[in-house]
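Structure file data_39.cif; described as mmCIF, N, CA and C atoms.
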data_data
loop_
_atom_site.label_atom_id
_atom_site.label_comp_id
_atom_site.auth_asym_id
_atom_site.auth_seq_id
_atom_site.Cartn_x
_atom_site.Cartn_y
_atom_site.Cartn_z
N MET A 3 116.01 102.75 101.22
CA MET A 3 115.74 101.81 100.18
C MET A 3 114.25 101.44 100.18
N LEU A 4 113.75 101.10 101.37
CA LEU A 4 112.34 100.72 101.49
C LEU A 4 111.43 101.88 101.11
N THR A 5 111.83 103.10 101.50
CA THR A 5 111.04 104.28 101.18
C THR A 5 110.99 104.50 99.67
N ALA A 6 112.09 104.31 99.00
CA ALA A 6 112.14 104.49 97.55
C ALA A 6 111.27 103.46 96.86
N LEU A 7 111.30 102.22 97.34
CA LEU A 7 110.48 101.17 96.74
C LEU A 7 108.99 101.44 96.95
N SER A 8 108.64 101.90 98.15
CA SER A 8 107.23 102.20 98.40
C SER A 8 106.76 103.38 97.55
N ALA A 9 107.62 104.39 97.35
CA ALA A 9 107.28 105.52 96.50
C ALA A 9 107.11 105.07 95.06
N LEU A 10 107.96 104.15 94.62
CA LEU A 10 107.85 103.62 93.27
C LEU A 10 106.55 102.83 93.10
N ALA A 11 106.18 102.06 94.13
CA ALA A 11 104.94 101.29 94.07
C ALA A 11 103.73 102.22 94.00
N VAL A 12 103.75 103.28 94.80
CA VAL A 12 102.65 104.24 94.79
C VAL A 12 102.56 104.92 93.43
N ALA A 13 103.68 105.29 92.85
CA ALA A 13 103.69 105.92 91.54
C ALA A 13 103.15 104.97 90.49
N GLY A 14 103.52 103.69 90.57
CA GLY A 14 103.03 102.70 89.62
C GLY A 14 101.52 102.51 89.71
N VAL A 15 101.02 102.41 90.93
CA VAL A 15 99.58 102.23 91.14
C VAL A 15 98.83 103.47 90.64
N THR A 16 99.36 104.64 90.88
CA THR A 16 98.73 105.87 90.41
C THR A 16 98.69 105.92 88.89
N ALA A 17 99.78 105.53 88.25
CA ALA A 17 99.83 105.54 86.79
C ALA A 17 98.83 104.54 86.21
N VAL A 18 98.79 103.34 86.79
CA VAL A 18 97.85 102.32 86.31
C VAL A 18 96.42 102.81 86.52
N GLY A 19 96.14 103.42 87.66
CA GLY A 19 94.80 103.95 87.92
C GLY A 19 94.41 105.01 86.91
N GLY A 20 95.34 105.88 86.54
CA GLY A 20 95.06 106.90 85.53
C GLY A 20 94.77 106.29 84.17
N ILE A 21 95.53 105.29 83.80
CA ILE A 21 95.30 104.63 82.52
C ILE A 21 93.96 103.92 82.51
N VAL A 22 93.64 103.22 83.59
CA VAL A 22 92.36 102.53 83.68
C VAL A 22 91.21 103.53 83.61
N GLN A 23 91.37 104.64 84.23
CA GLN A 23 90.34 105.68 84.21
C GLN A 23 90.09 106.16 82.79
N VAL A 24 91.16 106.36 82.03
CA VAL A 24 91.02 106.84 80.67
C VAL A 24 90.39 105.78 79.78
N VAL A 25 90.84 104.53 79.94
CA VAL A 25 90.34 103.45 79.08
C VAL A 25 88.89 103.13 79.40
N ILE A 26 88.58 102.97 80.68
CA ILE A 26 87.23 102.57 81.06
C ILE A 26 86.27 103.75 80.96
N GLY A 27 86.72 104.91 81.33
CA GLY A 27 85.85 106.07 81.35
C GLY A 27 85.30 106.41 79.99
N ARG A 28 86.15 106.56 79.03
CA ARG A 28 85.77 106.86 77.64
C ARG A 28 84.67 107.93 77.57
N ARG A 29 84.81 108.92 78.35
CA ARG A 29 83.80 109.97 78.39
C ARG A 29 84.20 111.09 77.44
N GLN A 30 83.23 111.58 76.73
CA GLN A 30 83.49 112.69 75.83
C GLN A 30 83.77 113.93 76.68
N PRO A 31 84.86 114.55 76.47
CA PRO A 31 85.11 115.76 77.25
C PRO A 31 84.16 116.87 76.83
N GLN A 32 83.64 117.56 77.82
CA GLN A 32 82.75 118.68 77.54
C GLN A 32 83.57 119.96 77.51
N PRO A 33 83.10 120.90 76.73
CA PRO A 33 83.78 122.20 76.79
C PRO A 33 83.68 122.77 78.20
N ARG A 34 84.67 123.51 78.59
CA ARG A 34 84.74 124.04 79.96
C ARG A 34 83.51 124.89 80.30
N GLY A 35 83.03 125.67 79.37
CA GLY A 35 81.86 126.51 79.62
C GLY A 35 80.60 125.69 79.86
N GLN A 36 80.43 124.60 79.11
CA GLN A 36 79.27 123.73 79.29
C GLN A 36 79.29 123.07 80.67
N GLN A 37 80.45 122.66 81.11
CA GLN A 37 80.58 122.03 82.43
C GLN A 37 80.20 123.03 83.52
N ARG A 38 80.62 124.25 83.36
CA ARG A 38 80.28 125.28 84.35
C ARG A 38 78.77 125.53 84.39
N ARG A 39 78.14 125.56 83.21
CA ARG A 39 76.69 125.76 83.17
C ARG A 39 75.97 124.59 83.84
N ASP A 40 76.44 123.37 83.59
CA ASP A 40 75.82 122.20 84.21
C ASP A 40 75.98 122.25 85.73
N ASP A 41 77.17 122.64 86.19
CA ASP A 41 77.40 122.75 87.63
C ASP A 41 76.49 123.81 88.23
N PHE A 42 76.37 124.95 87.56
CA PHE A 42 75.51 126.02 88.06
C PHE A 42 74.06 125.58 88.13
N THR A 43 73.60 124.88 87.11
CA THR A 43 72.23 124.39 87.09
C THR A 43 71.99 123.43 88.25
N THR A 44 72.93 122.54 88.48
CA THR A 44 72.81 121.58 89.58
C THR A 44 72.76 122.30 90.92
N ILE A 45 73.63 123.27 91.10
CA ILE A 45 73.68 124.00 92.36
C ILE A 45 72.39 124.79 92.57
N VAL A 46 71.90 125.41 91.52
CA VAL A 46 70.66 126.18 91.64
C VAL A 46 69.49 125.27 92.02
N LYS A 47 69.41 124.10 91.40
CA LYS A 47 68.34 123.15 91.74
C LYS A 47 68.42 122.74 93.21
N GLU A 48 69.63 122.44 93.66
CA GLU A 48 69.79 122.04 95.06
C GLU A 48 69.44 123.18 96.00
N LEU A 49 69.84 124.39 95.64
CA LEU A 49 69.51 125.54 96.49
C LEU A 49 68.01 125.78 96.55
N ARG A 50 67.34 125.64 95.42
CA ARG A 50 65.88 125.82 95.43
C ARG A 50 65.20 124.75 96.27
N GLN A 51 65.70 123.52 96.20
CA GLN A 51 65.13 122.45 97.02
C GLN A 51 65.38 122.72 98.50
N ASN A 52 66.60 123.16 98.83
CA ASN A 52 66.91 123.49 100.22
C ASN A 52 66.05 124.65 100.71
N GLN A 53 65.83 125.62 99.83
CA GLN A 53 65.00 126.76 100.21
C GLN A 53 63.56 126.32 100.48
N ALA A 54 63.04 125.44 99.64
CA ALA A 54 61.69 124.93 99.85
C ALA A 54 61.61 124.14 101.15
N ASP A 55 62.62 123.32 101.42
CA ASP A 55 62.64 122.56 102.67
C ASP A 55 62.68 123.49 103.88
N LEU A 56 63.50 124.54 103.79
CA LEU A 56 63.60 125.48 104.90
C LEU A 56 62.29 126.24 105.11
N LYS A 57 61.61 126.59 104.03
CA LYS A 57 60.32 127.28 104.17
C LYS A 57 59.30 126.37 104.84
N ALA A 58 59.28 125.11 104.44
CA ALA A 58 58.34 124.17 105.06
C ALA A 58 58.66 123.99 106.54
N GLU A 59 59.94 123.88 106.86
CA GLU A 59 60.34 123.72 108.26
C GLU A 59 59.99 124.96 109.07
N LEU A 60 60.20 126.14 108.49
CA LEU A 60 59.87 127.38 109.18
C LEU A 60 58.38 127.50 109.44
N SER A 61 57.56 127.13 108.47
CA SER A 61 56.11 127.20 108.69
C SER A 61 55.68 126.21 109.76
N ALA A 62 56.29 125.04 109.79
CA ALA A 62 55.97 124.06 110.84
C ALA A 62 56.38 124.60 112.21
N GLN A 63 57.53 125.26 112.28
CA GLN A 63 57.97 125.85 113.54
C GLN A 63 57.06 126.98 113.98
N LYS A 64 56.57 127.77 113.03
CA LYS A 64 55.65 128.85 113.38
C LYS A 64 54.35 128.30 113.95
N GLU A 65 53.84 127.22 113.33
CA GLU A 65 52.61 126.60 113.84
C GLU A 65 52.84 126.05 115.24
N GLN A 66 53.97 125.38 115.44
CA GLN A 66 54.29 124.82 116.76
C GLN A 66 54.45 125.94 117.78
N SER A 67 55.07 127.03 117.38
CA SER A 67 55.27 128.16 118.27
C SER A 67 53.93 128.77 118.68
N ALA A 68 53.00 128.87 117.73
CA ALA A 68 51.68 129.42 118.06
C ALA A 68 50.95 128.50 119.04
N ARG A 69 51.04 127.19 118.82
CA ARG A 69 50.40 126.25 119.76
C ARG A 69 51.05 126.34 121.14
N ASP A 70 52.38 126.46 121.16
CA ASP A 70 53.08 126.58 122.44
C ASP A 70 52.68 127.86 123.16
N ARG A 71 52.55 128.97 122.41
CA ARG A 71 52.15 130.23 123.02
C ARG A 71 50.76 130.14 123.63
N GLU A 72 49.84 129.49 122.91
CA GLU A 72 48.48 129.32 123.44
C GLU A 72 48.49 128.47 124.70
N ARG A 73 49.27 127.40 124.68
CA ARG A 73 49.35 126.51 125.85
C ARG A 73 49.96 127.25 127.04
N ILE A 74 51.02 128.00 126.81
CA ILE A 74 51.68 128.73 127.90
C ILE A 74 50.75 129.81 128.44
N THR A 75 50.01 130.47 127.58
CA THR A 75 49.05 131.48 128.04
C THR A 75 47.99 130.85 128.93
N ALA A 76 47.49 129.69 128.53
CA ALA A 76 46.48 129.00 129.35
C ALA A 76 47.09 128.56 130.68
N GLN A 77 48.30 128.06 130.65
CA GLN A 77 48.95 127.66 131.90
C GLN A 77 49.20 128.86 132.80
N ASP A 78 49.60 129.99 132.21
CA ASP A 78 49.82 131.20 132.99
C ASP A 78 48.53 131.65 133.66
N PHE A 79 47.43 131.63 132.93
CA PHE A 79 46.14 132.01 133.50
C PHE A 79 45.77 131.08 134.65
N THR A 80 45.98 129.77 134.44
CA THR A 80 45.65 128.79 135.48
C THR A 80 46.49 129.01 136.73
N ILE A 81 47.77 129.24 136.54
CA ILE A 81 48.65 129.47 137.70
C ILE A 81 48.25 130.74 138.44
N ARG A 82 47.95 131.79 137.70
CA ARG A 82 47.53 133.03 138.36
C ARG A 82 46.22 132.83 139.13
N TYR A 83 45.29 132.07 138.54
CA TYR A 83 44.03 131.79 139.23
C TYR A 83 44.29 131.00 140.51
N MET A 84 45.13 129.96 140.42
CA MET A 84 45.42 129.13 141.60
C MET A 84 46.12 129.92 142.68
N VAL A 85 47.06 130.79 142.30
CA VAL A 85 47.77 131.60 143.30
C VAL A 85 46.78 132.55 143.97
N GLY A 86 45.89 133.18 143.21
CA GLY A 86 44.88 134.06 143.81
C GLY A 86 43.96 133.30 144.74
N TRP A 87 43.58 132.09 144.33
CA TRP A 87 42.70 131.28 145.17
C TRP A 87 43.39 130.88 146.46
N VAL A 88 44.66 130.48 146.38
CA VAL A 88 45.41 130.10 147.58
C VAL A 88 45.57 131.31 148.49
N ARG A 89 45.86 132.47 147.92
CA ARG A 89 46.01 133.67 148.75
C ARG A 89 44.69 134.01 149.45
N THR A 90 43.57 133.84 148.76
CA THR A 90 42.27 134.08 149.38
C THR A 90 42.03 133.10 150.53
N LEU A 91 42.37 131.83 150.32
CA LEU A 91 42.20 130.84 151.38
C LEU A 91 43.09 131.14 152.58
N VAL A 92 44.32 131.53 152.31
CA VAL A 92 45.22 131.86 153.42
C VAL A 92 44.70 133.08 154.18
N GLY A 93 44.21 134.08 153.45
CA GLY A 93 43.62 135.25 154.11
C GLY A 93 42.42 134.87 154.96
N PHE A 94 41.58 133.98 154.46
CA PHE A 94 40.41 133.53 155.23
C PHE A 94 40.85 132.78 156.49
N ILE A 95 41.83 131.92 156.34
CA ILE A 95 42.32 131.15 157.50
C ILE A 95 42.91 132.09 158.53
N ARG A 96 43.68 133.08 158.10
CA ARG A 96 44.28 134.02 159.06
C ARG A 96 43.22 134.92 159.70
N SER A 97 42.18 135.29 158.94
CA SER A 97 41.13 136.12 159.53
C SER A 97 40.33 135.32 160.56
N SER A 98 40.37 134.01 160.45
CA SER A 98 39.72 133.15 161.45
C SER A 98 40.64 132.89 162.63
N ARG A 99 41.76 133.60 162.70
CA ARG A 99 42.78 133.50 163.75
C ARG A 99 43.37 132.10 163.83
N LEU A 100 43.56 131.53 162.68
CA LEU A 100 44.23 130.23 162.58
C LEU A 100 45.50 130.44 161.74
N GLU A 101 46.34 129.44 161.75
CA GLU A 101 47.56 129.50 160.93
C GLU A 101 47.42 128.50 159.80
N PRO A 102 47.68 128.92 158.57
CA PRO A 102 47.56 127.97 157.46
C PRO A 102 48.62 126.88 157.57
N PRO A 103 48.33 125.71 157.05
CA PRO A 103 49.31 124.64 157.12
C PRO A 103 50.51 124.96 156.23
N PRO A 104 51.65 124.41 156.54
CA PRO A 104 52.82 124.64 155.69
C PRO A 104 52.63 123.94 154.35
N PRO A 105 53.36 124.35 153.34
CA PRO A 105 53.24 123.69 152.04
C PRO A 105 53.65 122.22 152.15
N PRO A 106 53.10 121.36 151.31
CA PRO A 106 53.38 119.93 151.43
C PRO A 106 54.82 119.54 151.10
N GLN A 107 55.52 120.39 150.43
CA GLN A 107 56.92 120.11 150.10
C GLN A 107 57.69 121.42 150.14
N PRO A 108 59.00 121.36 150.22
CA PRO A 108 59.75 122.63 150.24
C PRO A 108 59.46 123.45 148.98
N VAL A 109 59.34 124.74 149.16
CA VAL A 109 59.06 125.64 148.04
C VAL A 109 60.39 125.91 147.32
N PRO A 110 60.42 125.78 146.02
CA PRO A 110 61.66 126.07 145.29
C PRO A 110 62.07 127.53 145.45
N ARG A 111 63.35 127.77 145.45
CA ARG A 111 63.88 129.12 145.64
C ARG A 111 63.36 130.07 144.56
N GLU A 112 63.14 129.56 143.34
CA GLU A 112 62.66 130.41 142.25
C GLU A 112 61.22 130.85 142.47
N ALA A 113 60.44 130.10 143.26
CA ALA A 113 59.03 130.42 143.46
C ALA A 113 58.80 131.31 144.68
N GLU A 114 59.77 131.42 145.57
CA GLU A 114 59.60 132.19 146.81
C GLU A 114 59.21 133.65 146.59
N PRO A 115 59.79 134.36 145.63
CA PRO A 115 59.39 135.78 145.47
C PRO A 115 57.92 135.95 145.11
N PHE A 116 57.31 134.96 144.52
CA PHE A 116 55.92 135.08 144.10
C PHE A 116 54.95 134.62 145.18
N LEU A 117 55.44 133.99 146.22
CA LEU A 117 54.59 133.47 147.28
C LEU A 117 54.90 134.15 148.61
N HIS A 118 55.27 135.42 148.58
CA HIS A 118 55.71 136.13 149.78
C HIS A 118 54.60 136.39 150.78
N ASP A 119 53.35 136.42 150.35
CA ASP A 119 52.26 136.79 151.25
C ASP A 119 51.57 135.61 151.91
N ILE A 120 52.08 134.40 151.77
CA ILE A 120 51.45 133.28 152.46
C ILE A 120 52.32 132.78 153.61
N GLY A 121 53.28 133.58 154.04
CA GLY A 121 54.03 133.29 155.24
C GLY A 121 55.12 132.23 155.07
N MET A 122 55.94 132.37 154.07
CA MET A 122 57.02 131.39 153.88
C MET A 122 58.19 131.78 154.74
#

Taking this structure as input, can you express it in the form of structure tokens?
Amino acid sequence: MLTALSALAVAGVTAVGGIVQVVIGRRQPQPRGQQRRDDFTTIVKELRQNQADLKAELSAQKEQSARDRERITAQDFTIRYMVGWVRTLVGFIRSSRLEPPPPPQPVPREAEPFLHDIGM
């Protein structure tokens, strides 16, 4: 009984909503072909805007990537220079029959293959 009453209430509200939509809306119906053309025009405009946004974002990413590449290249050069300098110092210390001091902190496992000649 309660289910039937609730279904009736929903049907009544739906019918009233449809009537209100027709009365308040009072919109001239467009031919189906015109509506499709309007939809297509809207979609094309949005796609062109999205395409322009994506192109701008891509160019910004390319610029950032170039700056990152330059920075990484400079850091790579600096690290290679420092490693060569440390190896030269260790060689000098060993040629003086001394032992170089241990590193100030534990060497990370990822760095050990590159520092094999300083006695780790």

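Between CA of Asp55 (chain A) and CA of Arg73 (chain A) there is a distance of 27.0 Å.
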
- Work out how far apart CA of Lys57 (chain A) and CA of Asp70 (chain A) are and give it in Å to one decimal.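 Result for CA of Lys57 (chain A) versus CA of Asp70 (chain A): 19.7 Å, one decimal.
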
Set up a box along x, y and z of the file covering all listed atoms of region 80-98 of chain A, add 5 Å on every one of the six sides, and write the centre and edge lengths in Å to one decimal, as JSON.
{"center_x": 44.2, "center_y": 132.5, "center_z": 148.5, "size_x": 18.9, "size_y": 17.3, "size_z": 38.2}

- Item | Atom-to-atom span, CA of Gln63 (chain A) and CA of Ile81 (chain A), Å |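 About the pair CA of Gln63 (chain A) and CA of Ile81 (chain A): they are 26.1 Å apart.
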